[in-house]
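Okay, structure first, notes after.
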Amino acid sequence: MSVYKTIIRNISVGKKMLAALLDPDVFTGERLKNIVEILRCYQPDFVFVGGSTSGVSMETLIGELKNVLSIPVVLFPGNASQFVPSADALLNISLVSGRNPEYLIGQHVAAAMAIKNSRIEIIPTAYLLIDGGRVSSTEYISNTRPVPSDRISIAVSTALAGEQLGMRAIYLEAGSGAKNPVSAQMIAAVKQQISIPLIVGGGIHTVEQLDSAISAGADLVVVGNILETEPQKIAEFKDIIVKY
Ligand code: 1GP
């Protein structure tokens with residue numbers, strides 16, 4: 001079954017989902033072996049792969065993951081050079097909270113033929129960067145401003161516009177390593193208005209934060225940074241997810 005169909009099916013039966021985000025620059029050697037073992041044991045729903053790296057190290061990481069895990073590997077690229085064909089699906093993200101054409105459509109044009117030739121599953125995703133209390137790499141690299149964390153109506157209208165443009169998922173992102181995750185109020189307000197899957201990530205380090213995002217309406221929560229220092233946390237996160 002495709003990744004998107006799996007997401008839709010899970011939502012239809014009320015099942016919440018967890019994705020582990022791995023940065024190929026961070027997970028190499030022993031660290032990679034260790035996280036693969038942990039993921040094999042605790043089985044998050046998806047492994048997302050992305051970072052500020054080149055496609056070459058993405059390819060290596062995806063190969064190693066797919067050799068060992070049966071969990072779908074989803075590409076979460078920061079730009080066209082990070083597209084690699086070997087993942088199970090591609091989150092084709094357009095940074096709709098920003099006003100930089102390069103990240104709204106430019107990088108997508110650059111990668112379009114390679115994506116078409118790969119026949120990878122494509123999940124067009126409206127990506128909203130929300131202020132997470134510090135300047136995120138996404139803000140800096142994309143040269144776009146995040147939606148202020150208290151401007152809930154802007155986030156709602158932006159998410160709705162993404163859906164109306166035909167995007168198939170909304171990603172509310174506080175930025176990797178955010179001080180503050182996206183608030184429960186914002187998640188709930190966006191969820192109430194959209195009818196496509198809602199992905200939430202950025203700065204989620206504790207079970208309470210995960211629980212709050214899920215209770216507010218996130219369908220799929222992404223955790224990244226915390227796995228670099230406390231990979232075993234995935235076991236606690238998984239417990240929360242299956243509770244729903
Ligand atoms: C970043 O949403 C992800 O794109 C995960 O963020 O690394 O802060 O968990 P963290």
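Scheme for the structure tokens: letters A, B, ... for chains in order shown; per-chain residue numbers from 1; ligand numbers from 1 in order shown.
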Environment of ligand 1 within 10 Å, counting only C-alpha atoms and all ligand atoms, reported as a count of residues only: 45
All residues 8 Å or closer to Lys238 of chain A, only C-alpha atoms, same chain fewer than 4 positions away omitted, as JSON, numbers by chain: {"A": [18, 42, 43, 44, 234, 242]}
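In this comparison, which uses only C-alpha atoms, the residue of A:Leu75, A:Val207, A:Met58, A:Ala216 approaching Ala235 of chain A most closely is A:Val207.
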Mind checking which residues fall within 10 Å of Ala110 of chain A, counting only C-alpha atoms, ignoring those fewer than 6 positions away in the same chain, and posting them as a list in words? Asn79, Ala80, Ser81 and Glu102 of chain A
Grab the residues selected above and save them as a PDB file, in the first residue's frame with N, CA, C and O atoms.
```pdb
ATOM      1  N   ASN A  79      16.102  20.736  -0.454  1.00  0.00           N
ATOM      2  CA  ASN A  79      16.234  21.374  -1.771  1.00  0.00           C
ATOM      3  C   ASN A  79      16.370  20.288  -2.841  1.00  0.00           C
ATOM      4  O   ASN A  79      16.436  19.095  -2.519  1.00  0.00           O
ATOM      5  N   ALA A  80      16.413  20.724  -4.113  1.00  0.00           N
ATOM      6  CA  ALA A  80      16.383  19.780  -5.233  1.00  0.00           C
ATOM      7  C   ALA A  80      17.576  18.828  -5.227  1.00  0.00           C
ATOM      8  O   ALA A  80      17.446  17.663  -5.620  1.00  0.00           O
ATOM      9  N   SER A  81      18.728  19.268  -4.735  1.00  0.00           N
ATOM     10  CA  SER A  81      19.919  18.415  -4.784  1.00  0.00           C
ATOM     11  C   SER A  81      19.786  17.234  -3.828  1.00  0.00           C
ATOM     12  O   SER A  81      20.547  16.278  -3.905  1.00  0.00           O
ATOM     13  N   GLU A 102      11.743  30.589  -4.750  1.00  0.00           N
ATOM     14  CA  GLU A 102      12.679  29.470  -4.876  1.00  0.00           C
ATOM     15  C   GLU A 102      12.195  28.248  -4.095  1.00  0.00           C
ATOM     16  O   GLU A 102      12.362  27.111  -4.538  1.00  0.00           O
TER      17      GLU A 102
END
```
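The two atoms in question, atom CA of Met186 of chain A and atom CA of Pro101 of chain A, are spaced 25.3 Å apart.
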